[in-house]
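Novice: Data file entry_24.csv (CSV, C-alpha atoms) is appended below.
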```
chain,number,residue,atom,x,y,z
A,1,MET,CA,0.0,0.0,0.0
A,2,LEU,CA,2.8,2.4,0.9
A,3,SER,CA,4.7,1.6,-2.3
A,4,LYS,CA,1.6,2.3,-4.4
A,5,THR,CA,1.1,5.7,-2.6
A,6,ARG,CA,4.8,6.6,-3.3
A,7,GLY,CA,4.4,5.6,-6.9
A,8,PHE,CA,1.3,7.7,-7.3
A,9,PHE,CA,2.9,10.9,-6.0
A,10,ARG,CA,6.1,10.2,-8.0
A,11,GLU,CA,4.1,9.9,-11.1
A,12,ARG,CA,2.2,13.2,-10.4
A,13,LEU,CA,5.5,15.0,-9.7
A,14,GLU,CA,6.9,13.7,-13.0
A,15,ASP,CA,3.7,14.9,-14.8
A,16,ILE,CA,4.2,18.4,-13.2
A,17,GLN,CA,7.8,18.5,-14.2
A,18,ASP,CA,7.0,17.4,-17.8
A,19,TYR,CA,4.3,20.1,-17.9
A,20,LEU,CA,6.8,22.7,-16.8
A,21,GLY,CA,9.3,21.9,-19.6
A,22,GLY,CA,11.1,18.8,-18.5
A,23,GLY,CA,11.8,20.1,-14.9
A,24,LYS,CA,13.9,23.1,-15.9
A,25,VAL,CA,11.1,25.6,-15.2
A,26,PHE,CA,10.2,23.7,-12.0
A,27,LYS,CA,13.7,23.8,-10.7
A,28,GLY,CA,14.0,27.5,-11.6
A,29,LEU,CA,10.9,28.3,-9.6
A,30,ILE,CA,12.3,26.4,-6.6
A,31,VAL,CA,15.6,28.4,-6.9
A,32,LEU,CA,13.7,31.7,-7.1
A,33,LEU,CA,11.6,30.7,-4.1
A,34,VAL,CA,14.7,29.9,-2.0
A,35,ILE,CA,16.4,33.2,-3.0
A,36,TYR,CA,13.2,35.1,-2.1
A,37,LEU,CA,13.1,33.4,1.3
A,38,ILE,CA,16.7,34.2,2.0
A,39,VAL,CA,16.3,37.8,1.0
A,40,ALA,CA,13.1,38.1,3.2
A,41,VAL,CA,14.9,36.6,6.2
A,42,VAL,CA,17.9,39.0,5.8
A,43,LEU,CA,15.6,42.0,5.4
A,44,GLY,CA,13.5,40.8,8.4
A,45,ILE,CA,16.7,40.8,10.6
A,46,TYR,CA,17.7,44.3,9.3
A,47,TRP,CA,14.2,45.7,9.8
A,48,SER,CA,14.1,44.3,13.4
A,49,SER,CA,16.8,46.8,14.5
A,50,GLU,CA,15.4,49.3,16.9
A,51,PRO,CA,16.2,53.0,16.1
A,52,ASP,CA,19.0,54.5,18.1
A,53,THR,CA,18.4,57.2,20.7
A,54,TYR,CA,19.3,60.7,19.7
A,55,SER,CA,19.8,64.2,21.2
A,56,VAL,CA,16.5,66.1,21.2
A,57,ARG,CA,18.3,69.4,21.7
A,58,ASP,CA,20.4,68.9,18.6
A,59,GLU,CA,17.5,67.7,16.5
A,60,ALA,CA,15.4,70.7,17.6
A,61,GLN,CA,18.2,73.1,16.9
A,62,GLN,CA,18.7,71.6,13.4
A,63,ARG,CA,14.9,72.0,12.7
A,64,ALA,CA,14.9,75.6,14.0
A,65,GLN,CA,17.8,76.5,11.7
A,66,ALA,CA,16.1,74.9,8.8
A,67,MET,CA,12.9,76.9,9.6
A,68,ASN,CA,15.0,80.0,10.3
A,69,ARG,CA,13.2,80.2,13.7
A,70,GLU,CA,14.2,80.7,17.4
A,71,MET,CA,13.7,77.8,19.8
A,72,VAL,CA,10.8,79.2,21.8
A,73,THR,CA,9.2,77.5,24.7
A,74,GLY,CA,7.5,74.3,23.4
A,75,PHE,CA,9.7,74.1,20.3
A,76,THR,CA,11.7,71.1,21.6
A,77,THR,CA,8.8,69.1,22.8
A,78,THR,CA,6.8,69.6,19.5
A,79,SER,CA,9.9,68.9,17.4
A,80,THR,CA,10.5,65.7,19.4
A,81,LEU,CA,7.0,64.5,18.7
A,82,ILE,CA,7.4,65.2,15.0
A,83,HIS,CA,10.7,63.4,14.8
A,84,MET,CA,9.5,60.4,16.7
A,85,ALA,CA,6.5,60.1,14.5
A,86,GLU,CA,8.7,60.4,11.4
A,87,THR,CA,11.0,57.8,12.8
A,88,LEU,CA,8.1,55.4,13.2
A,89,LEU,CA,7.3,55.7,9.5
A,90,ASP,CA,10.8,56.2,8.0
A,91,LYS,CA,13.0,53.7,9.9
A,92,PRO,CA,14.4,50.7,8.0
A,93,GLY,CA,11.5,48.8,6.6
A,94,GLY,CA,9.1,51.7,7.3
A,95,TYR,CA,6.0,51.2,9.3
A,96,ILE,CA,5.6,47.4,9.7
A,97,THR,CA,2.5,46.8,11.8
A,98,ASN,CA,0.2,46.9,8.8
A,99,ASP,CA,2.4,44.9,6.3
A,100,ILE,CA,0.6,42.1,4.4
A,101,MET,CA,3.7,40.7,2.7
A,102,PRO,CA,6.9,39.1,4.0
A,103,PRO,CA,9.1,39.8,5.7
A,104,GLY,CA,6.9,42.4,7.6
A,105,LEU,CA,4.0,39.9,7.8
A,106,TRP,CA,6.2,37.5,9.7
A,107,MET,CA,7.8,40.0,12.0
A,108,ASP,CA,6.4,40.1,15.5
A,109,ASN,CA,8.7,42.2,17.8
A,110,MET,CA,8.9,45.4,15.8
A,111,PRO,CA,5.1,45.9,15.5
A,112,HIS,CA,4.9,45.8,19.3
A,113,TRP,CA,7.8,48.2,19.6
A,114,GLU,CA,5.9,50.5,17.2
A,115,TYR,CA,2.8,50.2,19.3
A,116,GLY,CA,4.7,51.3,22.4
A,117,VAL,CA,6.0,54.4,20.7
A,118,LEU,CA,2.6,55.1,19.2
A,119,ILE,CA,0.8,55.1,22.5
A,120,GLN,CA,3.1,57.7,23.9
A,121,LEU,CA,2.7,59.8,20.8
A,122,ARG,CA,-1.1,59.6,21.2
A,123,ASP,CA,-1.0,60.5,24.9
A,124,MET,CA,1.3,63.5,24.4
A,125,SER,CA,-0.6,64.8,21.4
A,126,ARG,CA,-3.8,64.6,23.5
A,127,ALA,CA,-2.1,66.5,26.4
A,128,LEU,CA,-1.0,69.2,23.9
A,129,ARG,CA,-4.5,69.6,22.6
A,130,GLN,CA,-6.4,69.4,25.8
A,131,ASN,CA,-4.1,71.2,28.3
A,132,ILE,CA,-0.7,72.5,27.2
A,133,SER,CA,-1.9,74.6,24.3
A,134,ARG,CA,-4.8,76.2,26.2
A,135,SER,CA,-4.6,78.8,29.0
A,136,GLN,CA,-7.7,77.5,30.7
A,137,SER,CA,-10.6,75.1,30.3
A,138,GLN,CA,-12.7,77.6,28.5
A,139,SER,CA,-10.0,78.4,25.9
A,140,ALA,CA,-10.5,77.4,22.3
A,141,GLU,CA,-8.5,74.4,21.1
A,142,ASP,CA,-5.7,74.9,18.7
A,143,PRO,CA,-7.0,74.2,15.1
A,144,ASP,CA,-3.9,72.1,14.0
A,145,LEU,CA,-3.8,70.1,17.2
A,146,THR,CA,-7.5,69.2,16.7
A,147,ILE,CA,-6.3,67.5,13.5
A,148,ALA,CA,-3.0,66.0,14.7
A,149,GLU,CA,-4.4,64.2,17.8
A,150,PRO,CA,-7.2,62.2,16.1
A,151,GLN,CA,-5.0,61.4,13.1
A,152,LEU,CA,-2.5,59.7,15.4
A,153,HIS,CA,-5.4,57.8,16.9
A,154,PHE,CA,-6.2,56.3,13.5
A,155,ASP,CA,-6.3,52.5,13.2
A,156,ASN,CA,-2.6,51.4,13.5
A,157,GLY,CA,-3.2,48.3,11.3
A,158,SER,CA,-4.9,49.7,8.2
A,159,TRP,CA,-3.2,48.7,5.0
A,160,MET,CA,-5.1,50.9,2.5
A,161,LEU,CA,-8.2,53.0,1.9
A,162,PRO,CA,-6.7,54.8,3.7
A,163,SER,CA,-3.4,53.5,4.8
A,164,THR,CA,-2.1,54.0,8.4
A,165,GLU,CA,1.0,55.8,7.0
A,166,SER,CA,-1.0,58.4,5.1
A,167,GLU,CA,-3.2,59.2,8.1
A,168,TYR,CA,-0.2,59.6,10.4
A,169,ARG,CA,1.6,61.8,7.9
A,170,ARG,CA,-1.5,64.1,8.0
A,171,GLY,CA,-1.1,64.3,11.7
A,172,ILE,CA,2.7,65.0,11.4
A,173,ALA,CA,1.9,67.8,8.9
A,174,ALA,CA,-0.6,69.3,11.4
A,175,LEU,CA,2.1,69.2,14.1
A,176,LYS,CA,4.5,71.0,11.8
A,177,ARG,CA,1.9,73.7,11.1
A,178,TYR,CA,1.4,74.1,14.9
A,179,LEU,CA,5.2,74.4,15.4
A,180,ASP,CA,5.4,77.0,12.6
A,181,ARG,CA,2.8,79.2,14.2
A,182,LEU,CA,4.2,78.7,17.6
A,183,SER,CA,7.6,80.0,16.5
A,184,ASN,CA,6.4,82.7,14.2
A,185,PRO,CA,9.0,85.6,14.5
A,186,ASN,CA,6.2,88.2,14.0
A,187,GLY,CA,4.5,86.9,17.1
A,188,PRO,CA,3.3,83.5,18.1
A,189,GLN,CA,0.0,82.4,16.6
A,190,ALA,CA,-0.1,79.3,18.8
A,191,GLN,CA,0.5,78.7,22.5
A,192,PHE,CA,2.5,76.3,24.7
A,193,TYR,CA,1.8,76.8,28.4
A,194,ALA,CA,4.7,75.2,30.3
A,195,ARG,CA,2.9,75.1,33.6
A,196,ALA,CA,3.1,72.6,36.5
A,197,ASP,CA,-0.6,71.7,36.3
A,198,ASN,CA,-0.4,70.9,32.6
A,199,LEU,CA,2.6,68.7,33.1
A,200,ASN,CA,1.0,67.0,36.1
A,201,SER,CA,-2.1,66.1,34.2
A,202,TRP,CA,0.0,64.2,31.6
A,203,LEU,CA,2.1,62.6,34.3
A,204,ALA,CA,-1.1,61.2,35.9
A,205,ASP,CA,-2.0,59.3,32.8
A,206,LEU,CA,1.6,58.2,32.3
A,207,GLU,CA,1.7,56.8,35.9
A,208,THR,CA,-1.2,54.4,35.2
A,209,ARG,CA,0.3,53.4,31.8
A,210,LEU,CA,3.7,52.5,33.4
A,211,GLY,CA,2.0,50.8,36.3
A,212,SER,CA,0.0,48.5,34.0
A,213,LEU,CA,3.0,47.8,31.8
A,214,SER,CA,5.3,46.9,34.8
A,215,ARG,CA,2.7,44.5,36.1
A,216,ARG,CA,2.4,42.8,32.7
A,217,LEU,CA,6.1,42.4,32.5
A,218,SER,CA,6.4,41.0,36.0
A,219,GLU,CA,3.7,38.4,35.1
A,220,SER,CA,6.2,36.7,32.7
A,221,VAL,CA,7.2,34.2,35.5
A,222,GLY,CA,3.7,34.0,37.0
A,223,LYS,CA,2.7,35.3,40.4
A,224,GLN,CA,0.0,34.9,43.0
A,225,SER,CA,-2.7,37.6,42.6
A,226,VAL,CA,-5.7,38.4,44.9
A,227,ASP,CA,-9.0,38.9,43.2
A,228,GLU,CA,-9.4,42.6,42.7
A,229,ASN,CA,-13.2,42.3,42.8
A,230,MET,CA,-13.2,41.3,46.5
A,231,GLU,CA,-15.4,43.7,48.5
A,232,GLU,CA,-13.1,43.5,51.5
A,233,LEU,CA,-9.9,41.8,52.3
A,234,PRO,CA,-9.9,39.4,55.3
A,235,ASP,CA,-7.0,38.9,57.6
A,236,GLN,CA,-5.9,35.9,55.5
A,237,ALA,CA,-7.1,35.6,51.9
A,238,LYS,CA,-9.0,32.4,51.1
A,239,GLU,CA,-7.4,30.0,48.6
A,240,ASP,CA,-10.4,30.6,46.2
A,241,ASP,CA,-9.5,34.3,46.2
A,242,ILE,CA,-5.9,33.8,45.1
A,243,ALA,CA,-5.1,32.9,41.5
A,244,SER,CA,-1.9,32.4,39.6
A,245,VAL,CA,-1.5,34.9,36.8
A,246,GLN,CA,1.1,34.3,34.1
A,247,THR,CA,1.8,35.8,30.6
A,248,PRO,CA,1.5,33.1,27.9
A,249,TRP,CA,5.0,32.2,26.7
A,250,THR,CA,4.0,33.3,23.1
A,251,GLU,CA,3.3,36.8,24.4
A,252,ILE,CA,6.3,37.4,26.6
A,253,ASP,CA,8.4,39.0,23.8
A,254,ASP,CA,5.4,41.0,22.7
A,255,VAL,CA,5.0,42.7,26.1
A,256,PHE,CA,8.8,43.2,26.3
A,257,TYR,CA,9.1,45.0,23.0
A,258,GLU,CA,6.0,47.1,23.7
A,259,ALA,CA,7.9,48.2,26.9
A,260,ARG,CA,11.0,48.9,24.8
A,261,GLY,CA,9.1,51.1,22.5
A,262,THR,CA,7.4,52.9,25.3
A,263,SER,CA,10.6,53.6,27.2
A,264,TRP,CA,12.3,54.8,23.9
A,265,ALA,CA,9.6,57.3,23.3
A,266,LEU,CA,9.4,58.5,27.0
A,267,LEU,CA,13.2,58.9,27.1
A,268,HIS,CA,13.0,61.5,24.4
A,269,ILE,CA,9.8,63.2,25.7
A,270,PHE,CA,11.3,63.7,29.2
A,271,LYS,CA,14.5,65.1,27.7
A,272,ALA,CA,12.3,67.6,25.8
A,273,ILE,CA,10.4,68.3,28.9
A,274,GLU,CA,13.6,69.1,30.7
A,275,VAL,CA,14.2,71.8,28.1
A,276,ASP,CA,10.7,73.4,27.8
A,277,PHE,CA,9.6,73.1,31.4
A,278,ARG,CA,13.0,73.9,32.9
A,279,ASP,CA,11.8,77.1,34.7
A,280,VAL,CA,8.9,75.4,36.4
A,281,LEU,CA,11.0,72.4,37.3
A,282,LYS,CA,13.6,74.6,38.9
A,283,ASP,CA,11.0,76.5,40.7
A,284,LYS,CA,9.5,73.3,42.2
A,285,ASN,CA,13.0,71.7,42.8
A,286,ALA,CA,11.9,68.9,40.5
A,287,LEU,CA,14.8,68.8,38.0
A,288,VAL,CA,16.5,66.0,39.9
A,289,SER,CA,13.4,63.9,39.6
A,290,VAL,CA,13.2,64.4,35.9
A,291,ARG,CA,16.9,63.5,35.5
A,292,GLN,CA,16.3,60.4,37.6
A,293,ILE,CA,13.5,59.3,35.3
A,294,ILE,CA,15.8,59.9,32.3
A,295,VAL,CA,18.5,57.7,33.9
A,296,GLU,CA,16.1,54.8,34.4
A,297,LEU,CA,14.7,55.1,30.9
A,298,GLU,CA,18.3,55.2,29.5
A,299,GLY,CA,19.0,51.9,31.4
A,300,SER,CA,16.0,50.3,29.7
A,301,GLN,CA,17.5,51.0,26.3
A,302,LYS,CA,20.7,49.1,26.8
A,303,ALA,CA,21.8,46.8,23.9
A,304,MET,CA,20.1,43.4,23.7
A,305,TRP,CA,22.8,40.7,23.4
A,306,SER,CA,20.5,37.8,23.4
A,307,PRO,CA,18.8,36.8,20.1
A,308,VAL,CA,15.7,35.8,22.1
A,309,ILE,CA,13.8,37.1,25.1
A,310,LEU,CA,14.9,34.9,28.0
A,311,ASN,CA,12.4,34.1,30.7
A,312,GLY,CA,14.4,32.6,33.6
A,313,SER,CA,12.5,32.3,36.9
A,314,GLY,CA,13.5,33.1,40.5
A,315,PHE,CA,17.3,33.0,41.1
A,316,GLY,CA,17.9,30.5,38.3
A,317,ILE,CA,20.7,30.3,35.7
A,318,LEU,CA,19.0,32.1,32.9
A,319,ALA,CA,18.3,35.8,32.8
A,320,ASN,CA,14.7,37.2,32.8
A,321,HIS,CA,14.6,40.2,30.4
A,322,SER,CA,11.0,41.0,31.3
A,323,LEU,CA,11.8,41.4,35.0
A,324,THR,CA,14.8,43.5,34.2
A,325,MET,CA,12.7,45.8,32.0
A,326,ALA,CA,10.0,45.9,34.7
A,327,SER,CA,12.6,47.0,37.3
A,328,TYR,CA,13.6,50.0,35.2
A,329,LEU,CA,10.0,51.0,34.5
A,330,ALA,CA,9.0,50.6,38.1
A,331,ARG,CA,11.9,52.9,39.3
A,332,ALA,CA,11.0,55.4,36.6
A,333,ASN,CA,7.4,55.3,37.7
A,334,SER,CA,8.4,55.8,41.3
A,335,ALA,CA,10.4,58.9,40.3
A,336,ILE,CA,7.3,60.1,38.4
A,337,ILE,CA,5.2,59.8,41.6
A,338,ASP,CA,7.8,62.0,43.4
A,339,LEU,CA,7.8,64.4,40.5
A,340,ARG,CA,4.0,64.8,40.7
A,341,GLU,CA,4.1,65.5,44.4
A,342,LEU,CA,6.7,68.2,43.9
A,343,LEU,CA,4.7,69.8,41.1
A,344,SER,CA,1.5,69.8,43.2
A,345,LYS,CA,3.2,71.8,46.0
A,346,GLY,CA,2.7,75.6,46.0
```
Translate the structure of the given file into structure tokens.
Specialist:
Amino acid sequence: MLSKTRGFFRERLEDIQDYLGGGKVFKGLIVLLVIYLIVAVVLGIYWSSEPDTYSVRDEAQQRAQAMNREMVTGFTTTSTLIHMAETLLDKPGGYITNDIMPPGLWMDNMPHWEYGVLIQLRDMSRALRQNISRSQSQSAEDPDLTIAEPQLHFDNGSWMLPSTESEYRRGIAALKRYLDRLSNPNGPQAQFYARADNLNSWLADLETRLGSLSRRLSESVGKQSVDENMEELPDQAKEDDIASVQTPWTEIDDVFYEARGTSWALLHIFKAIEVDFRDVLKDKNALVSVRQIIVELEGSQKAMWSPVILNGSGFGILANHSLTMASYLARANSAIIDLRELLSKG
């Protein structure tokens, strides 16, 4: 029976080869397929490289010179948002999350890195629109920021009609118009209020973001968690109220790279904040807290020497990259809490 089955498939293969010109075309197609797969793998490795960190001061100065403008308050922060958004779209391989062809289709880590950056772009653009560009709650919203913020909230996985890239570029163009009006040498036609309350409002949202992300990272090895829906906590929790929570092993690298993207974006945003909010930070004795946050975020961007995300547990032999990242983000979040307290004081 087995020999008959083999003979049947051998005959069919010979028929296909004869149909394709005696096997030459067939072999040619196989060679082309192998070459395509090799090229796709090499491109995938190259496209997986995370963008390097950069100096937000230098980038803002270069943009100001190109625009023939002065670096007014808010210029560095807005320029940083623009540059990060452009990096998201113009890095090697471009924007990968919505790719429908290899190698982008196969890639897993870079789309989650992009998502981490995107969330911070969305949060900061919302803070600009709702608070930082307005003197008070009854003030009119900036017309360009009302375009930029929703454009950056467009579906991050749309391939076409419209594509994610085209919608995000509309948001970038709106941010550039805002920056142009903000730095107008004949008098600013846009506002950037570098006040403690505006910064504190954004930090409140960021605190919950990092808290959630740190928890997801720490769940890589599993942990005991008390049911959050309990009405009251007895002296000793019942066994039924305690559950083991663990990130599925297929999602551990996803959470890690989302955290890498988040910390990459925040590192540059806080460096820009150190420039534009410098006066209020000095007045509140909060510069040290901002610099501590920057130090922790820089630590989270150290080079990855392992080709895979390791998930060692406890005090075992292998490293646990998720817990290392969680440690950096938790310390940064602790410094953010201290910063908020300082900004809230009179």
Novice: Closest to A:Arg57 among A:Phe270, A:Tyr193, A:Trp264, A:Tyr168, using all atoms listed in the file?
Specialist: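 Result for the nearest residue to A:Arg57: A:Phe270.
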Novice: Using all atoms listed in the file, can you tell me which of A:Thr73, A:Ser306, A:Thr97, A:Thr250 comes closest to A:Asn156?
Specialist: A:Thr97
Novice: Identify which of the residues A:Ala259, A:Leu217, A:Leu342, A:Ala265 lies closest to A:Asp283, counting only C-alpha atoms when measuring atom-to-atom distances.
Specialist: A:Leu342
Novice: So how far away is atom CA of A:Met110 from atom CA of A:Leu145, in Å?
Specialist: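 Atom CA of A:Met110 lies 27.8 Å from atom CA of A:Leu145.
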Novice: Any idea what the distance is between atom CA of A:His112 and atom CA of A:Glu258?
Specialist: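 So the two atoms, atom CA of A:His112 and atom CA of A:Glu258, lie 4.7 Å apart.
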Novice: For a quick check of understanding, using only C-alpha atoms, which of A:Gln138, A:Asn109, A:Tyr328, A:Ser158 has the smallest distance to A:Glu251?
Specialist: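 Comparing A:Gln138, A:Asn109, A:Tyr328, A:Ser158 against A:Glu251, the winner is A:Asn109.
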Novice: In Å to one decimal, how far is atom CA of A:Ala60 from atom CA of A:Ile269?
Specialist: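 Separating atom CA of A:Ile269 from atom CA of A:Ala60 is a distance of 12.4 Å.
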